[in-house]
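Asker: Got model_15.txt for you, compact mmCIF, C-alpha atoms:
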# COMPACT_ATOMS: atom_id res chain seq x y z
CA MET A 27 37.49 62.30 -14.22
CA SER A 28 36.01 59.62 -11.91
CA GLU A 29 36.26 56.00 -12.87
CA TRP A 30 33.17 53.97 -12.13
CA PHE A 31 32.41 50.28 -11.60
CA HIS A 32 28.99 48.67 -11.94
CA ALA A 33 27.48 45.26 -11.27
CA GLU A 34 26.45 43.13 -14.23
CA GLY A 35 24.71 40.01 -12.98
CA SER A 36 27.18 38.38 -10.65
CA ARG A 37 30.19 40.29 -12.09
CA GLN A 38 31.84 43.63 -11.35
CA VAL A 39 32.61 45.58 -14.49
CA GLY A 40 34.89 48.60 -14.78
CA PRO A 41 36.50 50.96 -14.64
CA VAL A 42 34.40 53.08 -17.02
CA SER A 43 34.00 56.83 -17.30
CA SER A 44 31.01 58.86 -16.17
CA GLU A 45 30.02 59.30 -19.82
CA GLU A 46 30.10 55.54 -20.36
CA ILE A 47 27.92 55.01 -17.28
CA GLY A 48 25.43 57.50 -18.73
CA SER A 49 25.53 55.78 -22.10
CA LEU A 50 24.92 52.38 -20.53
CA PHE A 51 21.97 53.83 -18.63
CA ARG A 52 20.44 55.49 -21.72
CA ASP A 53 20.86 52.23 -23.67
CA ASN A 54 18.96 50.39 -20.91
CA ARG A 55 21.98 48.19 -20.25
CA ILE A 56 21.91 49.28 -16.60
CA GLY A 57 19.04 50.65 -14.52
CA LEU A 58 18.45 52.87 -11.52
CA ASP A 59 18.76 49.84 -9.24
CA THR A 60 22.13 48.78 -10.67
CA LEU A 61 24.86 48.90 -8.01
CA VAL A 62 27.76 51.28 -8.84
CA TRP A 63 30.91 52.39 -7.08
CA ARG A 64 33.78 54.84 -7.49
CA GLU A 65 36.73 55.62 -5.34
CA GLY A 66 35.58 57.76 -2.47
CA LEU A 67 32.20 56.10 -1.98
CA PRO A 68 32.00 54.17 1.30
CA ALA A 69 30.12 51.24 -0.29
CA TRP A 70 28.28 50.13 -3.42
CA GLN A 71 25.28 52.36 -4.17
CA PRO A 72 22.25 52.03 -6.47
CA LEU A 73 22.59 54.22 -9.53
CA ARG A 74 19.55 56.29 -8.50
CA SER A 75 21.51 57.72 -5.56
CA VAL A 76 24.22 59.24 -7.82
CA VAL A 77 22.20 60.33 -10.89
CA ALA A 78 22.72 63.98 -9.96
CA GLU A 79 26.49 63.51 -9.76
CA LEU A 80 26.51 61.80 -13.16
CA GLY A 81 24.16 64.34 -14.71
CA LEU A 82 21.53 61.75 -15.60
CA THR A 83 18.39 63.86 -15.65
CA ALA A 84 16.37 61.94 -18.25
CA VAL A 85 15.05 58.54 -17.34
CA PRO A 86 14.94 56.21 -20.38
CA PRO A 87 11.67 54.45 -21.16
CA ALA A 88 11.39 51.23 -19.28
CA PRO A 89 11.51 48.15 -21.53
CA LEU A 90 9.89 44.88 -20.64
CA PRO A 91 11.80 43.78 -17.56
CA PRO A 92 14.13 40.85 -18.22
CA PRO A 93 14.57 38.17 -15.55
CA VAL A 94 16.43 39.78 -12.68
CA PRO A 95 19.68 37.95 -11.93
CA PRO A 96 20.94 37.80 -8.35
CA ALA A 97 22.50 41.14 -7.41
CA PRO A 98 25.81 41.39 -5.61
CA ASP A 99 25.66 42.04 -1.89
CA PRO A 100 25.84 45.84 -1.28
CA THR A 101 27.74 45.19 1.91
CA ILE A 102 30.74 43.80 0.00
CA PRO A 103 33.62 46.22 0.73
CA PRO A 104 34.80 48.27 -2.27
CA PRO A 105 38.08 47.40 -3.96
CA VAL A 106 41.30 48.99 -2.80
CA SER A 107 42.07 50.55 -6.16
CA PRO A 108 40.19 50.78 -9.46
CA ALA A 109 42.81 48.69 -11.25
CA SER A 110 42.27 45.71 -8.93
CA ILE A 111 38.52 45.32 -9.47
CA VAL A 112 38.24 44.32 -13.14
CA PRO A 113 37.14 40.66 -13.51
CA ASP A 114 38.75 38.34 -16.02
CA SER A 115 35.82 38.61 -18.39
CA SER A 116 35.49 42.44 -18.30
CA PRO A 117 35.42 44.03 -21.78
CA TYR A 118 37.08 47.11 -20.28
CA ALA A 119 40.23 45.35 -19.10
CA GLY A 120 43.41 46.71 -20.63
CA PRO A 121 47.14 46.48 -20.25
CA GLY A 122 48.42 46.91 -16.75
CA VAL A 123 45.05 46.14 -15.17
CA SER A 124 45.09 43.47 -12.51
CA ARG A 125 42.60 40.65 -13.02
CA VAL A 126 40.59 39.37 -10.08
CA PRO A 127 37.96 36.62 -9.87
CA PRO A 128 34.32 37.73 -10.11
CA MET A 129 32.22 38.16 -6.98
CA ALA A 130 31.35 34.82 -5.43
CA MET A 131 27.63 34.11 -5.53
CA GLN A 132 26.17 31.58 -3.11
CA PRO A 133 24.63 28.71 -5.12
CA ALA A 134 20.95 28.13 -4.60
CA LYS A 135 20.15 25.12 -2.46
CA LYS A 136 18.30 22.38 -4.24
CA GLY A 137 15.34 20.87 -2.45
CA LEU A 138 14.64 17.16 -2.37
CA SER A 139 12.52 15.87 -5.21
CA GLY A 140 9.23 14.09 -4.60
CA CYS A 141 10.82 10.74 -5.47
CA ALA A 142 13.63 11.30 -2.98
CA LEU A 143 11.17 12.21 -0.22
CA THR A 144 9.09 9.14 -1.03
CA ALA A 145 12.19 6.94 -0.90
CA ILE A 146 13.25 8.40 2.47
CA ILE A 147 9.76 8.00 3.96
CA GLY A 148 9.45 4.50 2.53
CA GLY A 149 12.86 3.50 3.86
CA GLY A 150 12.00 4.82 7.31
CA ALA A 151 8.70 2.95 7.27
CA LEU A 152 10.48 -0.28 6.35
CA LEU A 153 12.89 0.16 9.25
CA VAL A 154 9.87 0.20 11.56
CA VAL A 155 7.52 -2.26 9.83
CA VAL A 156 10.00 -5.07 9.16
CA PRO A 157 11.12 -5.54 12.82
CA VAL A 158 7.51 -5.26 14.02
CA CYS A 159 6.39 -7.92 11.51
CA ALA A 160 9.25 -10.16 12.59
CA ILE A 161 8.27 -9.83 16.25
CA LEU A 162 4.60 -10.52 15.48
CA ALA A 163 5.56 -13.55 13.39
CA ALA A 164 7.78 -14.89 16.19
CA ILE A 165 4.80 -14.66 18.55
CA ALA A 166 1.95 -15.65 16.23
CA LEU A 167 3.47 -18.67 14.45
CA PRO A 168 4.17 -20.77 17.58
CA ALA A 169 0.76 -19.84 18.99
CA TYR A 170 -0.96 -20.89 15.78
CA ASN A 171 1.01 -24.15 15.69
CA ASP A 172 -0.08 -24.95 19.27
CA TYR A 173 -3.68 -24.16 18.33
CA THR A 174 -3.66 -26.58 15.37
CA ILE A 175 -2.17 -29.38 17.51
CA ARG A 176 -4.70 -28.78 20.28
CA ALA A 177 -7.54 -28.92 17.74
CA LYS A 178 -6.30 -32.29 16.39
CA VAL A 179 -6.05 -33.77 19.90
CA ALA A 180 -9.55 -32.53 20.79
CA GLN A 181 -10.91 -34.06 17.58
CA SER A 182 -9.24 -37.41 18.38
CA ILE A 183 -10.77 -37.46 21.88
CA ALA A 184 -14.18 -36.61 20.40
CA THR A 185 -14.04 -39.74 18.21
CA LEU A 186 -13.98 -41.85 21.41
CA GLN A 187 -17.38 -40.56 22.61
CA PRO A 188 -19.35 -43.45 21.03
CA LEU A 189 -16.89 -45.94 22.57
CA LYS A 190 -17.42 -44.40 26.01
CA ALA A 191 -21.16 -44.99 25.74
CA GLN A 192 -20.51 -48.59 24.64
CA VAL A 193 -18.21 -49.23 27.66
CA GLN A 194 -20.75 -47.79 30.07
CA GLU A 195 -23.56 -49.88 28.60
CA PHE A 196 -21.44 -53.05 28.71
CA HIS A 197 -20.73 -52.57 32.42
CA GLN A 198 -24.40 -52.03 33.21
CA ILE A 199 -25.28 -55.31 31.48
CA HIS A 200 -22.36 -57.51 32.55
CA SER A 201 -21.28 -55.81 35.81
CA ARG A 202 -17.67 -55.81 34.68
CA CYS A 203 -15.39 -53.72 32.51
CA PRO A 204 -15.06 -54.74 28.89
CA SER A 205 -11.73 -55.66 27.25
CA SER A 206 -10.57 -55.21 23.70
CA SER A 207 -11.21 -58.90 23.07
CA ASP A 208 -14.92 -58.68 23.92
CA PRO A 209 -17.16 -58.94 20.87
CA GLY A 210 -18.68 -55.79 19.45
CA PHE A 211 -15.76 -53.51 20.25
CA PRO A 212 -13.48 -52.01 17.55
CA ALA A 213 -9.97 -53.29 16.89
CA HIS A 214 -7.06 -51.52 18.58
CA ASP A 215 -6.06 -49.79 15.29
CA ALA A 216 -9.58 -48.78 14.23
CA PHE A 217 -8.99 -45.09 15.05
CA THR A 218 -5.71 -44.44 13.23
CA ALA A 219 -7.43 -42.12 10.75
CA GLN A 220 -8.69 -40.04 13.68
CA GLY A 221 -5.22 -39.39 15.18
CA LEU A 222 -5.06 -42.39 17.54
CA SER A 223 -2.48 -45.03 16.66
CA SER A 224 -3.89 -47.55 19.20
CA VAL A 225 -6.92 -47.94 21.48
CA GLN A 226 -7.14 -50.52 24.31
CA LEU A 227 -10.03 -51.36 26.69
CA GLY A 228 -9.73 -52.78 30.23
CA GLN A 229 -9.93 -52.22 33.96
CA PHE A 230 -7.58 -49.88 35.81
CA GLU A 231 -6.07 -50.62 39.24
CA ASN A 232 -8.68 -48.41 40.91
CA ALA A 233 -11.42 -50.71 39.53
CA HIS A 234 -12.47 -48.09 37.00
CA CYS A 235 -13.26 -49.17 33.46
CA GLY A 236 -11.03 -47.43 31.04
CA ILE A 237 -9.97 -46.58 27.53
CA GLU A 238 -6.26 -46.16 26.91
CA ALA A 239 -5.47 -44.40 23.61
CA THR A 240 -2.09 -43.66 22.05
CA LEU A 241 -1.86 -40.31 20.24
CA GLY A 242 -0.76 -40.31 16.61
CA VAL A 243 -1.68 -36.88 15.17
CA GLY A 244 1.47 -36.52 13.09
CA LYS A 245 3.31 -34.24 15.52
CA PRO A 246 6.56 -35.65 16.94
CA GLN A 247 6.29 -33.65 20.16
CA LEU A 248 3.24 -35.68 21.30
CA ASP A 249 2.87 -38.75 19.06
CA GLY A 250 3.14 -41.84 21.28
CA ASP A 251 1.82 -40.05 24.38
CA LEU A 252 -1.00 -41.82 26.22
CA LEU A 253 -4.54 -40.59 26.84
CA TRP A 254 -6.82 -42.20 29.46
CA LEU A 255 -10.60 -42.05 29.73
CA GLU A 256 -11.77 -43.61 33.05
CA TYR A 257 -15.31 -44.62 33.91
CA SER A 258 -16.36 -44.85 37.58
CA PRO A 259 -19.30 -47.26 37.92
CA ALA A 260 -19.99 -45.97 41.45
CA ASP A 261 -21.01 -42.49 40.29
CA SER A 262 -21.35 -43.10 36.51
CA ALA A 263 -18.75 -40.39 35.81
CA TRP A 264 -15.90 -40.15 33.31
CA GLU A 265 -12.47 -38.59 33.88
CA CYS A 266 -9.87 -37.61 31.26
CA SER A 267 -6.10 -37.52 31.81
CA SER A 268 -2.91 -37.77 29.76
CA ASP A 269 0.88 -37.81 30.03
CA THR A 270 1.27 -35.22 27.24
CA THR A 271 1.80 -31.48 27.69
CA ASP A 272 -1.24 -29.69 29.11
CA LYS A 273 -1.21 -26.94 26.49
CA TYR A 274 -2.13 -29.51 23.82
CA LEU A 275 -5.06 -30.96 25.80
CA PRO A 276 -8.65 -29.86 26.30
CA VAL A 277 -9.22 -28.17 29.65
CA ASN A 278 -11.10 -31.17 31.10
CA CYS A 279 -8.11 -33.47 30.40
CA ARG A 280 -5.38 -31.38 32.00
CA GLY A 281 -3.76 -32.57 35.19
Translate this structure into structure tokens?
Answerer:
Amino acid sequence: MSEWFHAEGSRQVGPVSSEEIGSLFRDNRIGLDTLVWREGLPAWQPLRSVVAELGLTAVPPAPLPPPVPPAPDPTIPPPVSPASIVPDSSPYAGPGVSRVPPMAMQPAKKGLSGCALTAIIGGGALLVVVPVCAILAAIALPAYNDYTIRAKVAQSIATLQPLKAQVQEFHQIHSRCPSSSDPGFPAHDAFTAQGLSSVQLGQFENAHCGIEATLGVGKPQLDGDLLWLEYSPADSAWECSSDTTDKYLPVNCRG
């Protein structure tokens, strides 16, 4: 009498007799697709291929199909002897039967969850965004600081426009350059609120009338620097110059 083995989920069960295989089939405990093996078969076979050998002519009514567990790989080589195939949990194991571990089933790979993917994408984005923001900040902040200083200097120079007109008018009337001591002119500290710590009037060595202003905009890199506005009576023209850095000056005051 042949001894048979059959797959049950991820286990190999046996040996059982041909009658027991038939009984399991009629009780719907195994089906036509269940893998079986006996000594002499080259590999595991579905039950439907050996129904004639087992004398299974009646097919039992099909119940509602249960969830199909992973089937063992048919290419797994058959055991060397029937006694060496019975797994530890087999109900058919008896005295003198060697126990072997059940067939190894490859665990299903788990995919990344949505949260994990979001975290990975977010982390990658941060690795790109943070350095870019740092580079932009390193470029933008100094440029913005220079812009604010330049705006303050330009505003301070603009406050001297009325004084320029007063100097020009004085020269036309008196044919000389005014000084800070002449009546009608503001005191030397009259423009401190406009970013000029001191303003002096006089005549330069080139005979031009001039305004000499000391910057005081609250920035240590240029406070104390001098600004000169020169009036040429010969052509009634004004020139602007300074000893401060050009990038902080209006274009018409740069050397």
Asker: Using only C-alpha atoms and a cutoff of 10 Å, can you tell me which residues are near (-11.4, -43.8, 16.7) in the file's coordinates, and write them out as a ChimeraX atom specification?
Answerer: /A:181-189,212-225,239
Asker: Pick the closest to Pro246 in chain A from A:Ile175, A:Val42, A:Ala69, A:Leu58: which is it, counting all atoms listed in the file?
Answerer: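 Once distances to Pro246 in chain A are computed over all atoms listed in the file, the minimum belongs to A:Ile175.
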Asker: Could you state the separation of CA of Gln198 in chain A and CA of Val179 in chain A in Å, given to one decimal place?
Answerer: 29.1 Å
Asker: Write out as a ChimeraX atom specification which residues come within 8 Å of range 265-269 of chain A when counting only C-alpha atoms, dropping same-chain ones fewer than 6 positions away.
Answerer: /A:251-257,278-281
Asker: Can you work out the spacing between CA of Glu79 in chain A and CA of Phe31 in chain A in Å, to one decimal?
Answerer: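 Result for CA of Glu79 in chain A versus CA of Phe31 in chain A: 14.6 Å, one decimal.
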Asker: Do a neighbour search on Phe230 in chain A at 12 Å with all atoms listed in the file, toss out local chain neighbours closer than 4 positions, and write the hits as an NGL selection string.
Answerer: :A and (202-205 or 226 or 234-238 or 254-258)
Asker: Could the residues in this selection be saved with C-alpha atoms as an mmCIF file, in the frame of the given file?
Answerer:
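Saved the output as part-v2.cif:
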data_model
loop_
_atom_site.group_PDB
_atom_site.id
_atom_site.type_symbol
_atom_site.label_atom_id
_atom_site.label_comp_id
_atom_site.auth_asym_id
_atom_site.auth_seq_id
_atom_site.Cartn_x
_atom_site.Cartn_y
_atom_site.Cartn_z
ATOM 1 C CA ARG A 202 -17.670 -55.810 34.680
ATOM 2 C CA CYS A 203 -15.390 -53.720 32.510
ATOM 3 C CA PRO A 204 -15.060 -54.740 28.890
ATOM 4 C CA SER A 205 -11.730 -55.660 27.250
ATOM 5 C CA GLN A 226 -7.140 -50.520 24.310
ATOM 6 C CA HIS A 234 -12.470 -48.090 37.000
ATOM 7 C CA CYS A 235 -13.260 -49.170 33.460
ATOM 8 C CA GLY A 236 -11.030 -47.430 31.040
ATOM 9 C CA ILE A 237 -9.970 -46.580 27.530
ATOM 10 C CA GLU A 238 -6.260 -46.160 26.910
ATOM 11 C CA TRP A 254 -6.820 -42.200 29.460
ATOM 12 C CA LEU A 255 -10.600 -42.050 29.730
ATOM 13 C CA GLU A 256 -11.770 -43.610 33.050
ATOM 14 C CA TYR A 257 -15.310 -44.620 33.910
ATOM 15 C CA SER A 258 -16.360 -44.850 37.580
#
Asker: Taking 6 positions as the minimum chain separation for residues in the same chain, which residues sit within 10 Å of Ser75 in chain A when counting only C-alpha atoms? Answer as a ChimeraX atom specification.
Answerer: /A:58-59,61-62
Asker: Kindly give the distance, in Å, that separates CA of Lys245 in chain A and CA of Lys190 in chain A, rounded to a single decimal.
Answerer: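 A separation of 25.4 Å between them.
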Asker: Work out where the centre of an axis-aligned box around every listed atom of range 41-55 of chain A lies and how long its edges are once 5 Å is added on each side; give both in Å to one decimal as lines of an AutoDock Vina configuration file.
Answerer:
center_x = 27.7
center_y = 53.7
center_z = -19.2
size_x = 27.5
size_y = 21.1
size_z = 19.0
Asker: From the set A:Arg55, A:Arg74, A:Arg64, A:Lys273, which residue has the shortest atom-to-atom contact distance to Ala180 in chain A, counting only C-alpha atoms?
Answerer: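 Among the listed residues, A:Lys273 lies closest to Ala180 in chain A.
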Asker: Point out the residue among A:Arg37, A:Leu248, A:Ser44, A:Ser49 with the least atom-to-atom distance to Asp172 in chain A, counting all atoms listed in the file.
Answerer: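 Looking only at the distances to Asp172 in chain A, the closest residue turns out to be A:Leu248.
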Asker: Looking at A:His32, A:Asn232, A:Ala260, A:Gly40, which one is nearest to Trp70 in chain A, with distances taken over only C-alpha atoms?
Answerer: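 The shortest atom-to-atom distance to Trp70 in chain A comes from A:His32.
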Asker: Where atoms are missing, can you supply N, CA and C atoms for range 226-249 of chain A and output the lot as a compact mmCIF listing (two decimals), in the frame of the given file?
Answerer:
# COMPACT_ATOMS: atom_id res chain seq x y z
N GLN A 226 -6.99 -49.30 23.51
CA GLN A 226 -7.14 -50.52 24.31
C GLN A 226 -8.23 -50.31 25.36
N LEU A 227 -8.99 -51.40 25.67
CA LEU A 227 -10.03 -51.36 26.69
C LEU A 227 -9.63 -52.28 27.85
N GLY A 228 -10.05 -51.94 29.08
CA GLY A 228 -9.73 -52.78 30.23
C GLY A 228 -10.16 -52.15 31.52
N GLN A 229 -9.62 -52.73 32.62
CA GLN A 229 -9.93 -52.22 33.96
C GLN A 229 -8.66 -51.70 34.61
N PHE A 230 -8.73 -50.48 35.14
CA PHE A 230 -7.58 -49.88 35.81
C PHE A 230 -7.45 -50.42 37.23
N GLU A 231 -6.34 -50.11 37.89
CA GLU A 231 -6.07 -50.62 39.24
C GLU A 231 -7.07 -50.10 40.26
N ASN A 232 -7.68 -48.97 39.99
CA ASN A 232 -8.68 -48.41 40.91
C ASN A 232 -10.08 -48.95 40.65
N ALA A 233 -10.15 -50.03 39.85
CA ALA A 233 -11.42 -50.71 39.53
C ALA A 233 -12.28 -49.90 38.56
N HIS A 234 -11.72 -48.84 38.00
CA HIS A 234 -12.47 -48.09 37.00
C HIS A 234 -12.32 -48.77 35.64
N CYS A 235 -13.36 -48.73 34.85
CA CYS A 235 -13.26 -49.17 33.46
C CYS A 235 -12.57 -48.07 32.67
N GLY A 236 -11.78 -48.48 31.72
CA GLY A 236 -11.03 -47.43 31.04
C GLY A 236 -10.75 -47.68 29.58
N ILE A 237 -10.42 -46.59 28.92
CA ILE A 237 -9.97 -46.58 27.53
C ILE A 237 -8.58 -45.96 27.53
N GLU A 238 -7.61 -46.68 27.03
CA GLU A 238 -6.26 -46.16 26.91
C GLU A 238 -5.95 -45.97 25.42
N ALA A 239 -5.71 -44.71 25.02
CA ALA A 239 -5.47 -44.40 23.61
C ALA A 239 -4.08 -43.81 23.45
N THR A 240 -3.41 -44.19 22.37
CA THR A 240 -2.09 -43.66 22.05
C THR A 240 -2.23 -42.61 20.94
N LEU A 241 -1.73 -41.41 21.20
CA LEU A 241 -1.86 -40.31 20.24
C LEU A 241 -0.98 -40.56 19.02
N GLY A 242 -1.50 -40.21 17.87
CA GLY A 242 -0.76 -40.31 16.61
C GLY A 242 -1.27 -39.27 15.63
N VAL A 243 -1.12 -37.97 15.99
CA VAL A 243 -1.68 -36.88 15.17
C VAL A 243 -0.68 -36.35 14.14
N GLY A 244 0.48 -36.98 14.06
CA GLY A 244 1.47 -36.52 13.09
C GLY A 244 2.36 -35.41 13.59
N LYS A 245 2.44 -35.24 14.92
CA LYS A 245 3.31 -34.24 15.52
C LYS A 245 4.29 -34.94 16.45
N PRO A 246 5.59 -34.87 16.16
CA PRO A 246 6.56 -35.65 16.94
C PRO A 246 6.60 -35.28 18.41
N GLN A 247 6.20 -34.05 18.76
CA GLN A 247 6.29 -33.65 20.16
C GLN A 247 5.24 -34.33 21.04
N LEU A 248 4.21 -35.00 20.46
CA LEU A 248 3.24 -35.68 21.30
C LEU A 248 2.78 -37.03 20.74
N ASP A 249 3.22 -37.41 19.55
CA ASP A 249 2.87 -38.75 19.06
C ASP A 249 3.49 -39.81 19.96
